[in-house]
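Listing of run_8.txt, compact mmCIF, N, CA and C atoms
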```txt
# COMPACT_ATOMS: atom_id res chain seq x y z
N MET A 1 -3.40 -19.52 -23.18
CA MET A 1 -3.41 -19.26 -21.75
C MET A 1 -2.66 -17.98 -21.39
N SER A 2 -1.98 -17.37 -22.34
CA SER A 2 -1.19 -16.19 -22.01
C SER A 2 -2.05 -14.98 -21.66
N ALA A 3 -3.34 -15.05 -21.99
CA ALA A 3 -4.24 -13.95 -21.68
C ALA A 3 -4.97 -14.18 -20.35
N LEU A 4 -4.39 -14.97 -19.49
CA LEU A 4 -5.02 -15.26 -18.20
C LEU A 4 -5.14 -14.00 -17.35
N VAL A 5 -6.23 -13.90 -16.63
CA VAL A 5 -6.41 -12.81 -15.68
C VAL A 5 -6.34 -13.38 -14.27
N LYS A 6 -6.24 -12.50 -13.30
CA LYS A 6 -6.03 -12.90 -11.92
C LYS A 6 -7.08 -13.90 -11.43
N GLU A 7 -8.34 -13.67 -11.75
CA GLU A 7 -9.41 -14.55 -11.28
C GLU A 7 -9.24 -15.96 -11.84
N GLN A 8 -8.79 -16.06 -13.09
CA GLN A 8 -8.58 -17.37 -13.69
C GLN A 8 -7.39 -18.08 -13.04
N ILE A 9 -6.32 -17.34 -12.79
CA ILE A 9 -5.14 -17.93 -12.17
C ILE A 9 -5.46 -18.39 -10.75
N GLU A 10 -6.24 -17.61 -10.02
CA GLU A 10 -6.62 -18.00 -8.66
C GLU A 10 -7.46 -19.27 -8.65
N GLY A 11 -8.14 -19.57 -9.76
CA GLY A 11 -8.99 -20.75 -9.84
C GLY A 11 -8.25 -22.03 -10.17
N ILE A 12 -6.97 -21.94 -10.51
CA ILE A 12 -6.20 -23.14 -10.85
C ILE A 12 -5.77 -23.82 -9.55
N ILE A 13 -6.13 -25.07 -9.39
CA ILE A 13 -5.76 -25.78 -8.15
C ILE A 13 -4.29 -26.18 -8.22
N PRO A 14 -3.63 -26.26 -7.08
CA PRO A 14 -2.20 -26.57 -7.05
C PRO A 14 -1.82 -27.87 -7.76
N VAL A 15 -2.67 -28.89 -7.67
CA VAL A 15 -2.37 -30.17 -8.33
C VAL A 15 -2.30 -29.95 -9.85
N ALA A 16 -3.18 -29.11 -10.38
CA ALA A 16 -3.17 -28.84 -11.82
C ALA A 16 -1.87 -28.13 -12.22
N ILE A 17 -1.38 -27.24 -11.36
CA ILE A 17 -0.11 -26.54 -11.64
C ILE A 17 1.01 -27.57 -11.80
N SER A 18 1.07 -28.52 -10.90
CA SER A 18 2.15 -29.51 -10.94
C SER A 18 2.03 -30.46 -12.12
N MET A 19 0.87 -30.56 -12.75
CA MET A 19 0.68 -31.48 -13.87
C MET A 19 0.97 -30.85 -15.22
N ILE A 20 1.20 -29.55 -15.27
CA ILE A 20 1.50 -28.88 -16.54
C ILE A 20 2.92 -29.26 -16.96
N PRO A 21 3.10 -29.72 -18.21
CA PRO A 21 4.45 -30.05 -18.66
C PRO A 21 5.39 -28.86 -18.52
N ALA A 22 6.63 -29.13 -18.13
CA ALA A 22 7.59 -28.07 -17.83
C ALA A 22 7.80 -27.10 -18.99
N ASP A 23 7.89 -27.62 -20.21
CA ASP A 23 8.10 -26.74 -21.38
C ASP A 23 6.93 -25.79 -21.56
N LYS A 24 5.72 -26.30 -21.39
CA LYS A 24 4.52 -25.46 -21.54
C LYS A 24 4.42 -24.46 -20.40
N PHE A 25 4.75 -24.90 -19.20
CA PHE A 25 4.66 -24.02 -18.03
C PHE A 25 5.50 -22.76 -18.23
N ALA A 26 6.73 -22.95 -18.71
CA ALA A 26 7.65 -21.82 -18.89
C ALA A 26 7.16 -20.84 -19.95
N VAL A 27 6.37 -21.33 -20.91
CA VAL A 27 5.86 -20.47 -21.98
C VAL A 27 4.54 -19.81 -21.57
N VAL A 28 3.68 -20.57 -20.92
CA VAL A 28 2.33 -20.09 -20.59
C VAL A 28 2.34 -19.05 -19.47
N PHE A 29 3.13 -19.28 -18.44
CA PHE A 29 3.11 -18.40 -17.28
C PHE A 29 4.33 -17.48 -17.29
N ASN A 30 4.10 -16.21 -17.59
CA ASN A 30 5.21 -15.24 -17.49
C ASN A 30 5.32 -14.76 -16.05
N GLN A 31 6.27 -13.87 -15.77
CA GLN A 31 6.49 -13.44 -14.38
C GLN A 31 5.27 -12.74 -13.80
N LYS A 32 4.49 -12.06 -14.62
CA LYS A 32 3.29 -11.39 -14.13
C LYS A 32 2.27 -12.42 -13.66
N HIS A 33 2.09 -13.48 -14.44
CA HIS A 33 1.17 -14.54 -14.04
C HIS A 33 1.64 -15.23 -12.77
N ILE A 34 2.92 -15.54 -12.71
CA ILE A 34 3.48 -16.25 -11.55
C ILE A 34 3.33 -15.40 -10.29
N SER A 35 3.48 -14.09 -10.41
CA SER A 35 3.35 -13.22 -9.24
C SER A 35 1.92 -13.20 -8.71
N MET A 36 0.94 -13.66 -9.51
CA MET A 36 -0.45 -13.73 -9.07
C MET A 36 -0.77 -15.05 -8.36
N PHE A 37 0.16 -16.00 -8.37
CA PHE A 37 -0.06 -17.27 -7.69
C PHE A 37 -0.24 -17.04 -6.19
N PHE A 38 -1.03 -17.88 -5.54
CA PHE A 38 -1.02 -17.88 -4.09
C PHE A 38 0.00 -18.92 -3.64
N TYR A 39 0.31 -18.93 -2.37
CA TYR A 39 1.44 -19.74 -1.87
C TYR A 39 1.34 -21.21 -2.28
N GLU A 40 0.17 -21.81 -2.13
CA GLU A 40 0.01 -23.23 -2.42
C GLU A 40 0.27 -23.54 -3.89
N GLN A 41 -0.15 -22.63 -4.78
CA GLN A 41 0.12 -22.82 -6.20
C GLN A 41 1.63 -22.76 -6.47
N ALA A 42 2.28 -21.77 -5.88
CA ALA A 42 3.72 -21.62 -6.07
C ALA A 42 4.48 -22.82 -5.52
N ALA A 43 4.03 -23.34 -4.40
CA ALA A 43 4.69 -24.50 -3.79
C ALA A 43 4.49 -25.76 -4.63
N ALA A 44 3.47 -25.78 -5.49
CA ALA A 44 3.20 -26.95 -6.32
C ALA A 44 4.08 -27.01 -7.57
N VAL A 45 4.82 -25.94 -7.86
CA VAL A 45 5.70 -25.94 -9.03
C VAL A 45 6.78 -27.00 -8.83
N THR A 46 6.95 -27.85 -9.84
CA THR A 46 7.90 -28.95 -9.73
C THR A 46 9.33 -28.50 -10.04
N GLU A 47 10.29 -29.34 -9.68
CA GLU A 47 11.70 -29.05 -9.97
C GLU A 47 11.93 -28.97 -11.48
N GLU A 48 11.26 -29.82 -12.23
CA GLU A 48 11.41 -29.81 -13.69
C GLU A 48 10.87 -28.51 -14.28
N GLN A 49 9.71 -28.06 -13.78
CA GLN A 49 9.16 -26.78 -14.23
C GLN A 49 10.12 -25.65 -13.88
N LEU A 50 10.65 -25.70 -12.68
CA LEU A 50 11.58 -24.67 -12.22
C LEU A 50 12.83 -24.62 -13.11
N SER A 51 13.31 -25.76 -13.54
CA SER A 51 14.52 -25.81 -14.36
C SER A 51 14.31 -25.18 -15.74
N LYS A 52 13.07 -25.12 -16.21
CA LYS A 52 12.77 -24.55 -17.53
C LYS A 52 12.43 -23.06 -17.48
N MET A 53 12.28 -22.53 -16.26
CA MET A 53 11.88 -21.13 -16.10
C MET A 53 13.06 -20.19 -16.28
N SER A 54 12.76 -18.97 -16.72
CA SER A 54 13.79 -17.93 -16.83
C SER A 54 14.10 -17.38 -15.44
N ASP A 55 15.17 -16.61 -15.34
CA ASP A 55 15.53 -16.01 -14.05
C ASP A 55 14.43 -15.08 -13.53
N VAL A 56 13.80 -14.36 -14.44
CA VAL A 56 12.72 -13.44 -14.03
C VAL A 56 11.53 -14.22 -13.48
N GLN A 57 11.20 -15.34 -14.12
CA GLN A 57 10.11 -16.18 -13.63
C GLN A 57 10.46 -16.77 -12.27
N LYS A 58 11.70 -17.20 -12.12
CA LYS A 58 12.14 -17.77 -10.83
C LYS A 58 12.08 -16.73 -9.72
N THR A 59 12.43 -15.49 -10.05
CA THR A 59 12.36 -14.42 -9.05
C THR A 59 10.91 -14.18 -8.63
N ALA A 60 10.00 -14.15 -9.60
CA ALA A 60 8.58 -13.96 -9.29
C ALA A 60 8.08 -15.09 -8.39
N LEU A 61 8.50 -16.32 -8.70
CA LEU A 61 8.08 -17.46 -7.88
C LEU A 61 8.64 -17.37 -6.47
N SER A 62 9.90 -16.98 -6.35
CA SER A 62 10.50 -16.89 -5.01
C SER A 62 9.85 -15.79 -4.18
N LEU A 63 9.38 -14.72 -4.81
CA LEU A 63 8.67 -13.67 -4.07
C LEU A 63 7.35 -14.17 -3.52
N VAL A 64 6.68 -15.04 -4.27
CA VAL A 64 5.43 -15.62 -3.78
C VAL A 64 5.70 -16.56 -2.62
N LEU A 65 6.80 -17.31 -2.71
CA LEU A 65 7.11 -18.31 -1.68
C LEU A 65 7.76 -17.71 -0.43
N THR A 66 8.25 -16.48 -0.52
CA THR A 66 8.92 -15.85 0.61
C THR A 66 7.91 -15.07 1.45
N PRO A 67 7.82 -15.35 2.74
CA PRO A 67 6.89 -14.59 3.59
C PRO A 67 7.32 -13.12 3.68
N TRP A 68 6.35 -12.24 3.88
CA TRP A 68 6.63 -10.80 3.95
C TRP A 68 7.66 -10.46 5.01
N GLU A 69 7.64 -11.16 6.12
CA GLU A 69 8.54 -10.81 7.21
C GLU A 69 10.00 -11.00 6.82
N ALA A 70 10.27 -11.93 5.89
CA ALA A 70 11.64 -12.24 5.53
C ALA A 70 12.11 -11.46 4.30
N ARG A 71 11.24 -10.69 3.69
CA ARG A 71 11.60 -9.97 2.47
C ARG A 71 12.29 -8.65 2.80
N PRO A 72 13.38 -8.36 2.10
CA PRO A 72 13.97 -7.04 2.25
C PRO A 72 13.12 -6.03 1.48
N VAL A 73 12.47 -5.13 2.18
CA VAL A 73 11.59 -4.17 1.55
C VAL A 73 12.24 -2.80 1.56
N ASP A 74 12.26 -2.16 0.40
CA ASP A 74 12.86 -0.84 0.27
C ASP A 74 11.80 0.14 -0.20
N PHE A 75 11.38 1.03 0.67
CA PHE A 75 10.34 1.98 0.32
C PHE A 75 10.91 3.35 -0.06
N ARG A 76 12.22 3.48 -0.13
CA ARG A 76 12.82 4.78 -0.45
C ARG A 76 12.38 5.25 -1.83
N GLY A 77 12.00 6.51 -1.90
CA GLY A 77 11.64 7.11 -3.17
C GLY A 77 10.28 6.72 -3.70
N LYS A 78 9.50 5.96 -2.95
CA LYS A 78 8.21 5.50 -3.45
C LYS A 78 7.03 6.25 -2.84
N SER A 79 7.28 7.05 -1.83
CA SER A 79 6.19 7.73 -1.15
C SER A 79 6.05 9.16 -1.65
N LEU A 80 4.83 9.54 -1.92
CA LEU A 80 4.57 10.91 -2.30
C LEU A 80 3.96 11.69 -1.13
N GLY A 81 3.98 11.08 0.04
CA GLY A 81 3.40 11.70 1.23
C GLY A 81 4.28 12.78 1.81
N LEU A 82 3.87 13.30 2.94
CA LEU A 82 4.61 14.36 3.61
C LEU A 82 5.89 13.84 4.22
N ALA A 83 6.86 14.70 4.32
CA ALA A 83 8.13 14.33 4.96
C ALA A 83 7.90 14.11 6.45
N LEU A 84 8.70 13.27 7.04
CA LEU A 84 8.54 12.95 8.45
C LEU A 84 9.43 13.83 9.32
N SER A 85 9.48 15.10 9.02
CA SER A 85 10.24 16.04 9.84
C SER A 85 9.41 17.31 10.03
N HIS A 86 9.81 18.11 11.00
CA HIS A 86 9.08 19.34 11.27
C HIS A 86 9.44 20.40 10.25
N SER A 87 8.46 21.20 9.89
CA SER A 87 8.74 22.29 8.95
C SER A 87 9.49 23.41 9.68
N ARG A 88 10.12 24.27 8.93
CA ARG A 88 10.86 25.39 9.53
C ARG A 88 9.93 26.30 10.32
N LEU A 89 8.73 26.53 9.81
CA LEU A 89 7.76 27.37 10.51
C LEU A 89 7.41 26.79 11.86
N CYS A 90 7.22 25.49 11.91
CA CYS A 90 6.89 24.82 13.17
C CYS A 90 8.03 24.99 14.18
N LEU A 91 9.27 24.84 13.74
CA LEU A 91 10.41 24.99 14.63
C LEU A 91 10.56 26.43 15.14
N ILE A 92 10.34 27.39 14.26
CA ILE A 92 10.45 28.81 14.65
C ILE A 92 9.35 29.16 15.65
N LEU A 93 8.13 28.71 15.39
CA LEU A 93 7.03 29.00 16.32
C LEU A 93 7.27 28.35 17.67
N GLY A 94 7.84 27.15 17.66
CA GLY A 94 8.16 26.48 18.91
C GLY A 94 9.19 27.26 19.71
N LEU A 95 10.21 27.77 19.05
CA LEU A 95 11.23 28.59 19.73
C LEU A 95 10.64 29.88 20.27
N LEU A 96 9.78 30.53 19.48
CA LEU A 96 9.13 31.76 19.95
C LEU A 96 8.27 31.51 21.18
N MET A 97 7.57 30.37 21.18
CA MET A 97 6.74 30.05 22.35
C MET A 97 7.61 29.84 23.57
N LEU A 98 8.76 29.21 23.40
CA LEU A 98 9.67 29.00 24.54
C LEU A 98 10.21 30.35 25.04
N LEU A 99 10.51 31.26 24.15
CA LEU A 99 11.03 32.57 24.55
C LEU A 99 9.98 33.37 25.32
N ILE A 100 8.71 33.19 24.95
CA ILE A 100 7.64 33.91 25.63
C ILE A 100 7.39 33.31 27.01
N ILE A 101 7.44 32.00 27.12
CA ILE A 101 7.10 31.33 28.37
C ILE A 101 8.24 31.40 29.38
N LEU A 102 9.49 31.34 28.97
CA LEU A 102 10.64 31.22 29.87
C LEU A 102 11.34 32.54 30.27
N PRO A 103 10.86 33.71 30.03
CA PRO A 103 11.67 34.89 30.40
C PRO A 103 11.83 35.11 31.87
```
As structure tokens:
Amino acid sequence: MSALVKEQIEGIIPVAISMIPADKFAVVFNQKHISMFFYEQAAAVTEEQLSKMSDVQKTALSLVLTPWEARPVDFRGKSLGLALSHSRLCLILGLLMLLIILP
């Protein structure tokens, strides 16, 4: 089961998740697999399964169970887009326009 892909994981019903023995669950589903769970699947994980999971697996599970609104999101350093400030040329042209209009 370690070669599971997203479509296969999405097809597992929540009841089936809860029926997987805890020892097998911790081995079969790594953090990448767990991060592909939808909320109902993640909510079906039992306390026994949770107790056998590594910290990384538990973190992946908690991210699935945490709504986006409550997550601390840090986008610093991740954007390759334009800066959200005016360029020097824009500021200089703006000042020149003011000097022409206001004499």
Contact residues around region 19-32 of chain A with only C-alpha atoms at 12 Å, ignoring same-chain residues under 6 positions, as a PyMOL selection string: chain A and resi 1-6+9+12-13+41-42+44-64
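Minimum atom-to-atom distance to Ser18 (chain A), evaluated using all atoms listed in the file, belongs to A:Ala43 out of A:Ala43, A:Leu65, A:Leu96, A:Leu102.
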Gap from CA of Ser35 (chain A) to atom C of Pro14 (chain A) - Å, one decimal: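 Rounded to one decimal, the two atoms are 15.6 Å apart.
If you look at atom C of Ser87 (chain A) and atom N of Leu99 (chain A), they are 16.5 Å away from each other.
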Atom pair CA of Gln8 (chain A) / CA of Phe37 (chain A): separation (Å):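 Value for the CA of Gln8 (chain A)-CA of Phe37 (chain A) distance: 10.4 Å.
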Where atoms are missing, can you supply N, CA, C and O atoms for region 38-55 of chain A and output the lot as a PDB file, keeping the file's coordinate frame?
```
ATOM      1  N   PHE A  38      -1.030 -17.880  -5.540  1.00  0.00           N
ATOM      2  CA  PHE A  38      -1.020 -17.880  -4.090  1.00  0.00           C
ATOM      3  C   PHE A  38       0.000 -18.920  -3.640  1.00  0.00           C
ATOM      4  O   PHE A  38       0.524 -19.685  -4.465  1.00  0.00           O
ATOM      5  N   TYR A  39       0.310 -18.930  -2.370  1.00  0.00           N
ATOM      6  CA  TYR A  39       1.440 -19.740  -1.870  1.00  0.00           C
ATOM      7  C   TYR A  39       1.340 -21.210  -2.280  1.00  0.00           C
ATOM      8  O   TYR A  39       2.313 -21.805  -2.725  1.00  0.00           O
ATOM      9  N   GLU A  40       0.170 -21.810  -2.130  1.00  0.00           N
ATOM     10  CA  GLU A  40       0.010 -23.230  -2.420  1.00  0.00           C
ATOM     11  C   GLU A  40       0.270 -23.540  -3.890  1.00  0.00           C
ATOM     12  O   GLU A  40       0.817 -24.590  -4.230  1.00  0.00           O
ATOM     13  N   GLN A  41      -0.150 -22.630  -4.780  1.00  0.00           N
ATOM     14  CA  GLN A  41       0.120 -22.820  -6.200  1.00  0.00           C
ATOM     15  C   GLN A  41       1.630 -22.760  -6.470  1.00  0.00           C
ATOM     16  O   GLN A  41       2.174 -23.575  -7.205  1.00  0.00           O
ATOM     17  N   ALA A  42       2.280 -21.770  -5.880  1.00  0.00           N
ATOM     18  CA  ALA A  42       3.720 -21.620  -6.070  1.00  0.00           C
ATOM     19  C   ALA A  42       4.480 -22.820  -5.520  1.00  0.00           C
ATOM     20  O   ALA A  42       5.461 -23.277  -6.110  1.00  0.00           O
ATOM     21  N   ALA A  43       4.030 -23.340  -4.400  1.00  0.00           N
ATOM     22  CA  ALA A  43       4.690 -24.500  -3.790  1.00  0.00           C
ATOM     23  C   ALA A  43       4.490 -25.760  -4.630  1.00  0.00           C
ATOM     24  O   ALA A  43       5.286 -26.698  -4.522  1.00  0.00           O
ATOM     25  N   ALA A  44       3.470 -25.780  -5.490  1.00  0.00           N
ATOM     26  CA  ALA A  44       3.200 -26.950  -6.320  1.00  0.00           C
ATOM     27  C   ALA A  44       4.080 -27.010  -7.570  1.00  0.00           C
ATOM     28  O   ALA A  44       4.088 -28.010  -8.275  1.00  0.00           O
ATOM     29  N   VAL A  45       4.820 -25.940  -7.860  1.00  0.00           N
ATOM     30  CA  VAL A  45       5.700 -25.940  -9.030  1.00  0.00           C
ATOM     31  C   VAL A  45       6.780 -27.000  -8.830  1.00  0.00           C
ATOM     32  O   VAL A  45       7.422 -27.071  -7.783  1.00  0.00           O
ATOM     33  N   THR A  46       6.950 -27.850  -9.840  1.00  0.00           N
ATOM     34  CA  THR A  46       7.900 -28.950  -9.730  1.00  0.00           C
ATOM     35  C   THR A  46       9.330 -28.500 -10.040  1.00  0.00           C
ATOM     36  O   THR A  46       9.532 -27.433 -10.627  1.00  0.00           O
ATOM     37  N   GLU A  47      10.290 -29.340  -9.680  1.00  0.00           N
ATOM     38  CA  GLU A  47      11.700 -29.050  -9.970  1.00  0.00           C
ATOM     39  C   GLU A  47      11.930 -28.970 -11.480  1.00  0.00           C
ATOM     40  O   GLU A  47      12.703 -28.136 -11.957  1.00  0.00           O
ATOM     41  N   GLU A  48      11.260 -29.820 -12.230  1.00  0.00           N
ATOM     42  CA  GLU A  48      11.410 -29.810 -13.690  1.00  0.00           C
ATOM     43  C   GLU A  48      10.870 -28.510 -14.280  1.00  0.00           C
ATOM     44  O   GLU A  48      11.496 -27.912 -15.158  1.00  0.00           O
ATOM     45  N   GLN A  49       9.710 -28.060 -13.780  1.00  0.00           N
ATOM     46  CA  GLN A  49       9.160 -26.780 -14.230  1.00  0.00           C
ATOM     47  C   GLN A  49      10.120 -25.650 -13.880  1.00  0.00           C
ATOM     48  O   GLN A  49      10.371 -24.758 -14.682  1.00  0.00           O
ATOM     49  N   LEU A  50      10.650 -25.700 -12.680  1.00  0.00           N
ATOM     50  CA  LEU A  50      11.580 -24.670 -12.220  1.00  0.00           C
ATOM     51  C   LEU A  50      12.830 -24.620 -13.110  1.00  0.00           C
ATOM     52  O   LEU A  50      13.331 -23.537 -13.415  1.00  0.00           O
ATOM     53  N   SER A  51      13.310 -25.760 -13.540  1.00  0.00           N
ATOM     54  CA  SER A  51      14.520 -25.810 -14.360  1.00  0.00           C
ATOM     55  C   SER A  51      14.310 -25.180 -15.740  1.00  0.00           C
ATOM     56  O   SER A  51      15.261 -24.727 -16.365  1.00  0.00           O
ATOM     57  N   LYS A  52      13.070 -25.120 -16.210  1.00  0.00           N
ATOM     58  CA  LYS A  52      12.770 -24.550 -17.530  1.00  0.00           C
ATOM     59  C   LYS A  52      12.430 -23.060 -17.480  1.00  0.00           C
ATOM     60  O   LYS A  52      12.302 -22.407 -18.493  1.00  0.00           O
ATOM     61  N   MET A  53      12.280 -22.530 -16.260  1.00  0.00           N
ATOM     62  CA  MET A  53      11.880 -21.130 -16.100  1.00  0.00           C
ATOM     63  C   MET A  53      13.060 -20.190 -16.280  1.00  0.00           C
ATOM     64  O   MET A  53      14.202 -20.546 -16.004  1.00  0.00           O
ATOM     65  N   SER A  54      12.760 -18.970 -16.720  1.00  0.00           N
ATOM     66  CA  SER A  54      13.790 -17.930 -16.830  1.00  0.00           C
ATOM     67  C   SER A  54      14.100 -17.380 -15.440  1.00  0.00           C
ATOM     68  O   SER A  54      13.372 -17.637 -14.477  1.00  0.00           O
ATOM     69  N   ASP A  55      15.170 -16.610 -15.340  1.00  0.00           N
ATOM     70  CA  ASP A  55      15.530 -16.010 -14.050  1.00  0.00           C
ATOM     71  C   ASP A  55      14.430 -15.080 -13.530  1.00  0.00           C
ATOM     72  O   ASP A  55      14.170 -15.029 -12.333  1.00  0.00           O
TER      73      ASP A  55
END
```
